[in-house]
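Below is coords_18.cif, holding mmCIF, C-alpha atoms.
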data_input
loop_
_atom_site.label_atom_id
_atom_site.label_comp_id
_atom_site.auth_asym_id
_atom_site.auth_seq_id
_atom_site.Cartn_x
_atom_site.Cartn_y
_atom_site.Cartn_z
CA MET A 1 0.00 0.00 0.00
CA THR A 2 1.28 3.48 -0.89
CA ILE A 3 0.58 6.22 1.65
CA ASN A 4 0.81 9.86 0.72
CA SER A 5 2.32 11.14 3.96
CA LYS A 6 0.93 14.30 5.53
CA LEU A 7 4.38 14.87 7.05
CA PRO A 8 6.73 13.56 4.35
CA HIS A 9 9.85 15.27 5.73
CA VAL A 10 9.33 14.23 9.36
CA GLY A 11 11.14 11.26 10.86
CA THR A 12 11.88 10.18 14.42
CA THR A 13 12.65 13.13 16.70
CA ILE A 14 16.27 13.89 17.44
CA PHE A 15 15.55 13.36 21.14
CA SER A 16 14.49 9.75 20.58
CA VAL A 17 17.41 9.14 18.22
CA MET A 18 20.07 10.44 20.60
CA SER A 19 18.60 8.78 23.70
CA ALA A 20 18.46 5.45 21.88
CA LEU A 21 22.07 5.90 20.78
CA ALA A 22 23.10 6.76 24.34
CA ASN A 23 21.39 3.63 25.65
CA GLU A 24 23.01 1.49 22.97
CA HIS A 25 26.52 2.68 23.83
CA GLY A 26 26.12 3.15 27.58
CA ALA A 27 26.75 6.89 27.23
CA ILE A 28 25.91 9.55 29.79
CA ASN A 29 22.75 11.08 28.37
CA LEU A 30 22.97 14.88 28.40
CA SER A 31 20.86 15.02 25.24
CA GLN A 32 17.16 14.58 26.02
CA GLY A 33 15.85 17.03 28.61
CA PHE A 34 14.83 14.89 31.55
CA PRO A 35 16.16 14.71 35.14
CA ASP A 36 17.98 11.64 36.42
CA PHE A 37 17.01 12.36 40.03
CA ALA A 38 13.82 11.65 41.99
CA ALA A 39 10.82 13.92 42.29
CA SER A 40 9.60 15.26 45.62
CA GLU A 41 8.73 12.52 48.11
CA TYR A 42 5.65 14.53 49.09
CA LEU A 43 4.48 14.70 45.47
CA LEU A 44 4.97 10.97 44.99
CA GLU A 45 3.18 10.22 48.27
CA ARG A 46 0.21 12.34 47.15
CA LEU A 47 0.12 10.54 43.80
CA ASN A 48 0.02 7.20 45.58
CA HIS A 49 -2.60 8.50 48.02
CA HIS A 50 -4.95 9.65 45.28
CA ALA A 51 -4.42 6.54 43.14
CA THR A 52 -5.11 4.18 46.05
CA SER A 53 -8.08 6.33 47.13
CA GLY A 54 -9.81 5.57 43.85
CA ARG A 55 -9.19 8.75 41.86
CA ASN A 56 -8.33 6.81 38.71
CA GLN A 57 -11.19 7.61 36.38
CA TYR A 58 -11.82 10.51 34.03
CA ALA A 59 -11.13 13.94 35.41
CA PRO A 60 -13.21 16.83 34.08
CA MET A 61 -12.20 17.65 30.51
CA ASN A 62 -10.76 21.05 31.48
CA GLY A 63 -8.95 19.72 34.58
CA ILE A 64 -10.00 19.29 38.19
CA PRO A 65 -11.21 22.52 39.85
CA GLU A 66 -8.63 22.29 42.65
CA LEU A 67 -5.74 22.36 40.19
CA ARG A 68 -7.18 25.06 37.96
CA GLU A 69 -7.67 27.26 41.05
CA ALA A 70 -4.11 26.55 42.20
CA ILE A 71 -2.84 27.55 38.74
CA ALA A 72 -4.77 30.81 38.91
CA ASP A 73 -3.18 31.50 42.30
CA LEU A 74 0.28 30.69 40.89
CA VAL A 75 -0.13 33.02 37.92
CA ARG A 76 -1.30 35.81 40.22
CA ALA A 77 1.60 35.27 42.63
CA CYS A 78 4.24 35.15 39.89
CA TYR A 79 2.99 37.73 37.44
CA GLY A 80 0.16 39.71 39.02
CA ARG A 81 -2.40 38.54 36.44
CA GLN A 82 -5.93 37.68 37.52
CA ILE A 83 -7.37 34.79 35.53
CA ASN A 84 -10.63 32.89 35.73
CA PRO A 85 -9.83 29.25 36.57
CA ASP A 86 -13.13 28.05 35.13
CA LEU A 87 -12.95 29.84 31.79
CA GLU A 88 -9.26 30.45 31.12
CA VAL A 89 -7.27 27.40 32.35
CA THR A 90 -7.17 24.01 30.62
CA LEU A 91 -5.10 21.01 31.73
CA THR A 92 -3.42 19.03 28.96
CA SER A 93 -1.40 15.86 28.51
CA GLY A 94 1.90 17.70 28.47
CA ALA A 95 2.88 21.02 26.95
CA THR A 96 3.34 19.42 23.53
CA GLU A 97 -0.37 18.61 23.43
CA ALA A 98 -1.22 22.16 24.47
CA LEU A 99 0.95 23.61 21.70
CA PHE A 100 -0.60 21.26 19.13
CA VAL A 101 -4.15 22.01 20.24
CA ALA A 102 -3.59 25.78 20.25
CA VAL A 103 -2.36 25.64 16.66
CA GLN A 104 -5.27 23.47 15.52
CA ALA A 105 -7.73 25.80 17.26
CA VAL A 106 -6.78 28.91 15.31
CA ILE A 107 -4.80 28.03 12.16
CA ARG A 108 -6.68 27.34 8.94
CA PRO A 109 -5.42 26.32 5.49
CA GLY A 110 -3.32 29.09 4.01
CA ASP A 111 -2.62 30.88 7.30
CA ASN A 112 0.97 31.93 7.93
CA VAL A 113 2.81 31.45 11.24
CA ILE A 114 6.08 33.10 12.24
CA LEU A 115 8.61 30.85 14.00
CA LEU A 116 11.93 31.92 15.47
CA ASP A 117 14.67 29.40 14.72
CA PRO A 118 16.04 27.38 16.37
CA ALA A 119 12.46 26.29 17.01
CA TYR A 120 11.31 23.28 19.04
CA ASP A 121 10.63 20.44 16.63
CA SER A 122 6.90 20.02 17.37
CA TYR A 123 5.92 23.50 16.17
CA GLU A 124 6.09 23.18 12.40
CA PRO A 125 4.42 19.73 12.13
CA ALA A 126 1.43 21.06 14.08
CA ILE A 127 1.17 24.00 11.69
CA THR A 128 1.51 21.76 8.64
CA LEU A 129 -1.24 19.43 9.87
CA ALA A 130 -3.53 22.45 10.29
CA GLY A 131 -2.89 23.47 6.68
CA GLY A 132 -0.78 26.47 7.58
CA ASN A 133 2.66 27.51 6.41
CA CYS A 134 5.68 28.87 8.27
CA THR A 135 7.95 31.84 7.98
CA ARG A 136 11.08 30.79 9.86
CA LEU A 137 13.43 33.55 10.99
CA ALA A 138 16.85 32.61 12.32
CA LEU A 139 18.18 33.73 15.69
CA MET A 140 21.91 33.99 15.11
CA PRO A 141 24.78 32.82 17.33
CA PRO A 142 26.27 33.59 19.73
CA HIS A 143 23.53 35.75 21.32
CA TYR A 144 20.37 34.39 19.63
CA GLN A 145 18.45 37.63 20.12
CA PRO A 146 15.29 38.38 18.10
CA ASP A 147 15.45 41.10 15.46
CA TRP A 148 12.04 42.67 15.95
CA GLN A 149 12.29 44.83 12.85
CA GLN A 150 12.98 41.74 10.75
CA ILE A 151 10.07 40.00 12.45
CA GLU A 152 7.71 42.88 11.72
CA ASP A 153 8.93 43.16 8.12
CA SER A 154 8.19 39.44 7.59
CA ILE A 155 4.47 39.80 8.40
CA LYS A 156 2.24 38.99 5.44
CA PRO A 157 -1.47 39.59 4.85
CA THR A 158 -1.97 35.89 5.69
CA THR A 159 0.07 35.98 8.92
CA ARG A 160 -2.19 35.01 11.80
CA LEU A 161 0.10 33.81 14.57
CA ILE A 162 3.60 34.09 16.02
CA MET A 163 5.02 31.36 18.25
CA VAL A 164 7.64 32.31 20.84
CA ASN A 165 9.51 30.41 23.52
CA SER A 166 11.10 32.00 26.58
CA PRO A 167 13.16 30.80 28.36
CA HIS A 168 14.24 29.33 25.06
CA ASN A 169 14.94 25.73 24.20
CA PRO A 170 17.53 25.01 22.84
CA THR A 171 19.54 28.27 23.15
CA ALA A 172 18.98 28.87 26.92
CA THR A 173 18.28 32.57 26.28
CA ALA A 174 15.37 34.54 27.75
CA PHE A 175 13.33 37.51 26.56
CA THR A 176 14.02 40.86 28.17
CA ASP A 177 11.26 43.28 29.13
CA LYS A 178 12.01 45.11 25.87
CA ASP A 179 11.48 41.89 23.90
CA TRP A 180 8.12 41.25 25.51
CA ARG A 181 7.02 44.84 24.85
CA GLU A 182 8.08 44.63 21.22
CA LEU A 183 6.15 41.39 20.82
CA GLU A 184 3.12 43.02 22.43
CA ARG A 185 3.38 46.06 20.14
CA ILE A 186 3.74 44.01 16.95
CA ALA A 187 0.97 41.55 17.84
CA GLU A 188 -1.43 44.36 18.68
CA LYS A 189 -0.52 46.48 15.65
CA HIS A 190 -0.91 43.60 13.18
CA ASN A 191 -3.76 41.80 14.99
CA LEU A 192 -1.73 38.63 15.51
CA LEU A 193 -2.40 35.80 17.91
CA VAL A 194 0.50 34.50 20.01
CA ILE A 195 1.45 31.09 21.36
CA SER A 196 3.93 31.61 24.18
CA ASP A 197 5.74 28.40 25.10
CA GLU A 198 6.82 28.97 28.71
CA VAL A 199 7.53 25.47 29.94
CA TYR A 200 10.78 26.66 31.59
CA GLU A 201 9.21 29.82 33.03
CA HIS A 202 10.42 29.16 36.60
CA ILE A 203 13.98 28.26 35.55
CA VAL A 204 15.63 31.62 34.97
CA PHE A 205 18.99 32.74 36.31
CA GLU A 206 20.19 36.08 37.66
CA ARG A 207 16.99 37.83 36.61
CA GLU A 208 13.29 38.08 37.44
CA ARG A 209 10.85 35.61 35.94
CA ASN A 210 8.92 37.11 33.06
CA SER A 211 6.03 36.02 30.91
CA ALA A 212 3.36 37.03 28.43
CA HIS A 213 1.14 37.07 31.53
CA ARG A 214 2.71 40.37 32.63
CA TYR A 215 1.67 42.34 29.54
CA PRO A 216 -2.12 42.88 29.41
CA ALA A 217 -2.48 43.58 25.69
CA LEU A 218 -0.27 40.59 24.90
CA ALA A 219 -2.01 38.27 27.35
CA ALA A 220 -5.34 39.22 25.77
CA ARG A 221 -4.32 37.55 22.51
CA SER A 222 -2.07 34.74 23.76
CA PHE A 223 -2.14 31.04 24.55
CA VAL A 224 0.41 30.69 27.38
CA VAL A 225 1.63 27.10 27.70
CA SER A 226 3.31 25.72 30.83
CA SER A 227 4.50 22.36 32.14
CA PHE A 228 4.36 20.67 35.52
CA GLY A 229 6.62 17.94 34.13
CA LYS A 230 9.46 20.47 33.91
CA THR A 231 8.59 22.27 37.16
CA PHE A 232 8.30 19.18 39.38
CA HIS A 233 10.85 16.85 37.68
CA VAL A 234 8.16 14.45 36.41
CA THR A 235 8.38 14.67 32.64
CA GLY A 236 6.83 11.22 32.28
CA TRP A 237 3.59 12.37 33.89
CA LYS A 238 2.90 14.50 30.80
CA LEU A 239 0.91 17.15 32.64
CA GLY A 240 0.80 20.66 31.21
CA TYR A 241 -1.69 23.46 30.93
CA CYS A 242 -2.76 26.37 28.77
CA VAL A 243 -3.93 29.76 29.99
CA ALA A 244 -5.82 31.85 27.45
CA PRO A 245 -8.66 34.39 27.40
CA ALA A 246 -12.12 32.84 27.55
CA ALA A 247 -12.83 33.15 23.83
CA LEU A 248 -9.52 31.50 22.90
CA SER A 249 -9.90 28.86 25.63
CA GLU A 250 -13.32 27.98 24.27
CA GLU A 251 -11.83 27.20 20.86
CA PHE A 252 -8.87 25.44 22.48
CA ARG A 253 -11.18 23.16 24.46
CA LYS A 254 -13.19 22.22 21.37
CA VAL A 255 -10.03 20.62 19.97
CA HIS A 256 -8.59 19.35 23.25
CA GLN A 257 -11.66 17.22 23.99
CA PHE A 258 -11.02 15.22 20.82
CA VAL A 259 -7.26 14.86 21.27
CA THR A 260 -6.86 13.56 24.83
CA PHE A 261 -10.16 14.68 26.42
CA THR A 262 -8.60 14.57 29.86
CA SER A 263 -5.23 14.04 31.54
CA PHE A 264 -3.74 11.76 34.22
CA THR A 265 -6.27 12.11 37.06
CA PRO A 266 -4.29 11.16 40.20
CA ALA A 267 -1.41 13.36 39.04
CA GLN A 268 -3.76 16.34 38.80
CA TYR A 269 -4.76 15.89 42.44
CA ALA A 270 -1.15 15.34 43.51
CA VAL A 271 0.07 18.49 41.76
CA ALA A 272 -2.81 20.49 43.24
CA ASP A 273 -1.73 19.36 46.71
CA MET A 274 1.88 20.21 45.89
CA LEU A 275 1.01 23.74 44.80
CA VAL A 276 -1.12 24.37 47.88
CA GLU A 277 1.08 22.73 50.52
CA GLN A 278 4.60 23.07 49.10
CA GLY A 279 4.23 25.83 46.55
CA ASN A 280 7.51 27.44 47.58
CA THR A 281 9.35 24.75 45.63
CA VAL A 282 8.26 26.53 42.45
CA HIS A 283 9.97 29.71 43.59
CA GLU A 284 13.11 27.79 44.60
CA LEU A 285 13.47 26.11 41.21
CA ALA A 286 15.74 28.75 39.67
CA ASN A 287 18.32 28.46 42.45
CA PHE A 288 18.11 24.67 42.32
CA TYR A 289 18.97 24.56 38.63
CA GLN A 290 21.43 27.45 38.79
CA ASP A 291 23.50 25.33 41.16
CA LYS A 292 23.44 22.50 38.62
CA ARG A 293 24.38 24.85 35.79
CA ASP A 294 27.28 26.21 37.82
CA CYS A 295 28.40 22.70 38.76
CA PHE A 296 28.59 21.68 35.10
CA VAL A 297 30.25 24.93 33.99
CA GLU A 298 32.88 24.61 36.71
CA ALA A 299 33.47 20.94 35.94
CA MET A 300 34.00 21.84 32.26
CA GLN A 301 36.80 24.31 33.06
CA GLY A 302 39.87 23.26 31.12
CA SER A 303 37.93 21.58 28.32
CA ARG A 304 38.20 22.68 24.69
CA PHE A 305 34.45 23.29 24.54
CA LYS A 306 33.42 26.94 24.72
CA LEU A 307 30.26 27.16 26.82
CA LEU A 308 27.76 29.89 25.93
CA PRO A 309 25.83 31.76 28.65
CA SER A 310 22.73 30.01 29.99
CA ALA A 311 20.10 32.50 31.16
CA GLY A 312 17.36 29.91 31.70
CA THR A 313 16.05 26.39 31.03
CA TYR A 314 18.18 23.43 32.08
CA PHE A 315 20.40 23.52 29.01
CA VAL A 316 23.71 25.05 28.03
CA LEU A 317 25.16 25.39 24.53
CA ALA A 318 28.73 24.47 23.75
CA ASP A 319 30.88 25.43 20.77
CA TYR A 320 33.10 22.49 19.75
CA SER A 321 34.87 24.21 16.83
CA GLU A 322 38.28 23.77 18.50
CA LEU A 323 37.72 20.01 18.55
CA SER A 324 36.29 19.08 15.18
CA ASP A 325 35.22 20.24 11.72
CA ASP A 326 32.37 17.69 11.68
CA ASN A 327 28.83 18.94 11.30
CA ASP A 328 26.95 18.90 14.59
CA LEU A 329 24.83 15.81 13.90
CA ASP A 330 27.87 13.70 12.97
CA TYR A 331 29.78 15.12 15.92
CA CYS A 332 27.01 14.28 18.42
CA GLN A 333 26.82 10.74 17.11
CA ARG A 334 30.59 10.32 17.33
CA LEU A 335 30.67 11.92 20.77
CA THR A 336 28.10 9.37 21.95
CA ARG A 337 29.68 6.30 20.35
CA GLU A 338 33.35 7.03 20.98
CA HIS A 339 33.43 9.23 24.08
CA GLY A 340 30.35 8.20 26.06
CA VAL A 341 28.43 11.49 26.28
CA ALA A 342 25.24 12.25 24.35
CA ALA A 343 24.34 15.79 23.27
CA ILE A 344 21.83 17.36 20.88
CA PRO A 345 22.90 19.03 17.61
CA LEU A 346 21.56 22.56 17.26
CA SER A 347 21.13 22.53 13.48
CA VAL A 348 18.09 20.24 13.59
CA PHE A 349 16.04 23.08 15.08
CA TYR A 350 16.66 25.37 12.09
CA GLU A 351 15.17 25.52 8.61
CA THR A 352 18.49 26.98 7.37
CA PRO A 353 21.20 26.47 10.00
CA PRO A 354 23.87 29.16 10.36
CA GLU A 355 27.54 28.33 10.02
CA SER A 356 28.42 27.17 13.52
CA ARG A 357 29.52 24.10 15.45
CA ILE A 358 27.32 24.12 18.52
CA VAL A 359 25.65 21.38 20.56
CA ARG A 360 23.27 21.40 23.52
CA PHE A 361 23.93 19.73 26.86
CA CYS A 362 21.26 19.14 29.53
CA PHE A 363 22.33 19.76 33.14
CA ALA A 364 19.12 18.49 34.79
CA LYS A 365 21.18 15.69 36.30
CA ARG A 366 22.71 14.60 39.58
CA GLU A 367 25.97 16.36 40.43
CA GLN A 368 28.00 13.19 39.99
CA THR A 369 26.46 12.61 36.56
CA LEU A 370 27.53 16.11 35.50
CA ILE A 371 31.05 15.68 36.86
CA ASP A 372 31.47 12.28 35.20
CA ALA A 373 30.27 13.68 31.86
CA ALA A 374 32.54 16.71 32.16
CA ASN A 375 35.55 14.49 32.87
CA ARG A 376 34.91 12.55 29.67
CA LEU A 377 34.47 15.76 27.69
CA LYS A 378 37.64 17.31 29.12
CA ALA A 379 39.61 14.31 27.94
CA LEU A 380 38.95 15.26 24.30
#
Starting from the file, give its structure as C-alpha cells.
Amino acid sequence: MTINSKLPHVGTTIFSVMSALANEHGAINLSQGFPDFAASEYLLERLNHHATSGRNQYAPMNGIPELREAIADLVRACYGRQINPDLEVTLTSGATEALFVAVQAVIRPGDNVILLDPAYDSYEPAITLAGGNCTRLALMPPHYQPDWQQIEDSIKPTTRLIMVNSPHNPTATAFTDKDWRELERIAEKHNLLVISDEVYEHIVFERERNSAHRYPALAARSFVVSSFGKTFHVTGWKLGYCVAPAALSEEFRKVHQFVTFTSFTPAQYAVADMLVEQGNTVHELANFYQDKRDCFVEAMQGSRFKLLPSAGTYFVLADYSELSDDNDLDYCQRLTREHGVAAIPLSVFYETPPESRIVRFCFAKREQTLIDAANRLKAL
C-alpha cells in the first residue's frame, strides 16, 4: 500500500534518536531534557494516596477545579495577572499537546505562522497538519536575540500567529522586558495571535521571571503554555496546561476534547496538593537549577568546549569548533559512540542552520552525573 504522507519530511525526533544511541553505547545522556534524580517525596506520596483512594477515572475535561484554582493562584503570585480558573485554564497531557491544540484551534489552510529558529521540533508539524505555512526567521549565534524589525517586516497579509519560547529551548536565552514589549506592540498592531511556550518559566537565572502574563495587551491575545513535568521533575507524567482568554480557551477546548479529552487524574490531584502545601518549591526552582548549571560549567573548566551563557532552562550550549570540523549531527553521534556522552545538535532546530559548530547539553542531572560527563568531555 502506498501512503501519501501528511508529514513527508518528518522522521523520528532527534531526542528519541540520541537517547536510543546513548542507551546502545552506555553513554551519559545529556541530550534529552529529563532529570535523572527523583521527584519530591511529598508529590509521589500524594500521587500514591490519590491513586489508592480511587481517583483513577476521568477527570473533568478542562482539569480538576482544585488544580485550575491553584494555577490561577500561581499566575497571580508570579505575574500579578488575575485569571478565571473556570474559563481560562485548561489542563493538557503535556505542553506538547497544548501547543498542538492551540495551533489546531486557530490556524486554517493558508494561514501563515512566524517561527523563530532554532524552534522546538513540534511546532512546524502542528502547523503543517492544520494546513498552515511557516515563515522561519533565524536567531543567530552567539547571542540568539530576536530582530524585531525583521520580524515585523516578515508579516504577510496571511500571517495570523507568532510562536515564541522564553526561556528558550535550545539556546537557553530569555526575553528581556524590551522583547516582551516589542512582541506586544507588533501583535497588537498587526492583529496577531501568540502562542507563548513557557515550559521553563520558573527556571531563569540572575533575573526576574517574566512572561506574556505580565503584559495585558499581549495576554489578551495569547495562549500561554506551561509544564508541571518540567517544574516538578516528572516529565513522564505529561501534565501541562494552557492559559488563554475565555474566547480562545473555548476554541482550544473544542479541539482538546477530541485529542486527549482529559489528563492523568491522580497526578492532577497530587500536583494540586503540591502547589497548595509546598508551593515554595516553584519559587526555589531557579536556584536549584542554577547550582546544577554552575556545577557543570565549573566541571568543564579546562575543556576545549566553549560554553555559551545560559540564562534559563536546564540547558547550556557548547561550541566544539576547537575540537572538530564535523557537522553537529555527525559530531554528536561520534561523541556518543566514541566518548560516552550524548548531546543534541543545534542545526536540527533550524530551517536553514547558520555556520556554527554548537551542541546542547542538559544539566538536569545529579551532580556526579555532571562531573562524570565533564571528565569525559575534558579528555577530548
Pick from A:Ala364, A:Leu87, A:Val75, A:Ile344 nearest to A:Val224, counting all atoms listed in the file: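 Looking only at the distances to A:Val224, the closest residue turns out to be A:Val75.
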Neighbouring residues of A:Leu380 were defined as those with any atom within 9 Å, considering only C-alpha atoms; residues of the same chain fewer than 6 positions away were excluded. Please report them as a count of residues only. 4
Run through the PyMOL selection byres ((chain A and resi 143) around 9) on the given coordinates and return the selected residues as a list of chain:residue names.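 Output from the PyMOL selection byres ((chain A and resi 143) around 9), applied to this file: A:Leu139, A:Met140, A:Pro141, A:Pro142, A:Tyr144, A:Gln145, A:Thr171, A:Thr173, A:Leu308, A:Pro309.
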Counting only C-alpha atoms, which residue out of A:Cys295, A:Leu30, A:Val234, A:Ala59 sits closest to A:Gly94?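 Among the listed residues, the smallest separation from A:Gly94 belongs to A:Val234.
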Counting all atoms listed in the file, the option among A:Asn112, A:Phe363, A:Glu351, A:Tyr42 closest to A:Arg136: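 Smallest distance to A:Arg136 is found for A:Glu351.
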Can you spell out as a list in words the set of residues that the PyMOL selection byres ((chain A and resi 130) around 12) selects in the structure I just provided?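 Evaluating the PyMOL selection byres ((chain A and resi 130) around 12) on this file yields Lys6, Leu7, Phe100, Val101, Ala102, Val103, Gln104, Ala105, Val106, Ile107, Arg108, Pro109, Gly110, Asp111, Asn112, Val113, Tyr123, Glu124, Pro125, Ala126, Ile127, Thr128, Leu129, Gly131, Gly132, Asn133, Cys134 and Val255 of chain A.
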Run through the PyMOL selection byres ((chain A and resi 279) around 12) on the given coordinates and return the selected residues as a list in words. Ser40, Tyr42, Leu43, Ala70, Ile71, Asp73, Leu74, Ala77, Cys78, Thr231, Phe232, Val271, Ala272, Asp273, Met274, Leu275, Val276, Glu277, Gln278, Asn280, Thr281, Val282, His283, Glu284 and Leu285 of chain A
Counting all atoms listed in the file, I want the residues whose atoms come within 12 Å of (4.4, 21.2, 34.5) in the file frame, returned as a ChimeraX atom specification. /A:67,71,91-96,98,197-203,225-242,267-268,271-272,274-275,282
Would you mind telling me which residue in A:Asp36, A:Asp147, A:Glu251, A:Asp121 lies nearest to A:Cys362 when using only C-alpha atoms?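 Between A:Asp36, A:Asp147, A:Glu251, A:Asp121, the residue approaching A:Cys362 most closely is A:Asp36.
Distance annotation: of A:Ala299, A:Val10, A:Ile195, A:Met18, the residue with the minimal separation from A:Ile371 is A:Ala299; atom set is only C-alpha atoms.
Distance-wise, atom CA of A:Gly80 and atom CA of A:Pro170 end up 27.9 Å apart.
Closest approach to A:Leu329 among A:Ser356, A:His213, A:Glu69, A:Thr159: A:Ser356, based on all atoms listed in the file.
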To one decimal place in Å, what is the distance between atom CA of A:Asp319 and atom CA of A:Trp180? 28.1 Å
May I have the residues within 8 Å of A:Ala219 as a ChimeraX atom specification, using all atoms listed in the file and disregarding those fewer than 6 positions away in the same chain? /A:212-213,244-245
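Residues within 9 Å of A:Asn169, counting all atoms listed in the file and excluding same-chain residues fewer than 6 positions away, are Pro118, Ala119, Tyr120, Tyr200, Gly312, Thr313, Tyr314 and Phe315 of chain A.
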Expressed in Å to a single decimal, how great is the separation between atom CA of A:Glu250 and atom CA of A:Ser263? 17.7 Å
Centre, edges in Å (one decimal): axis-aligned box, stretch 262-278 of chain A, 3 Å padding on all six sides, as AutoDock Vina command-line options:
--center_x -2.0 --center_y 17.8 --center_z 40.2 --size_x 19.2 --size_y 19.2 --size_z 26.7
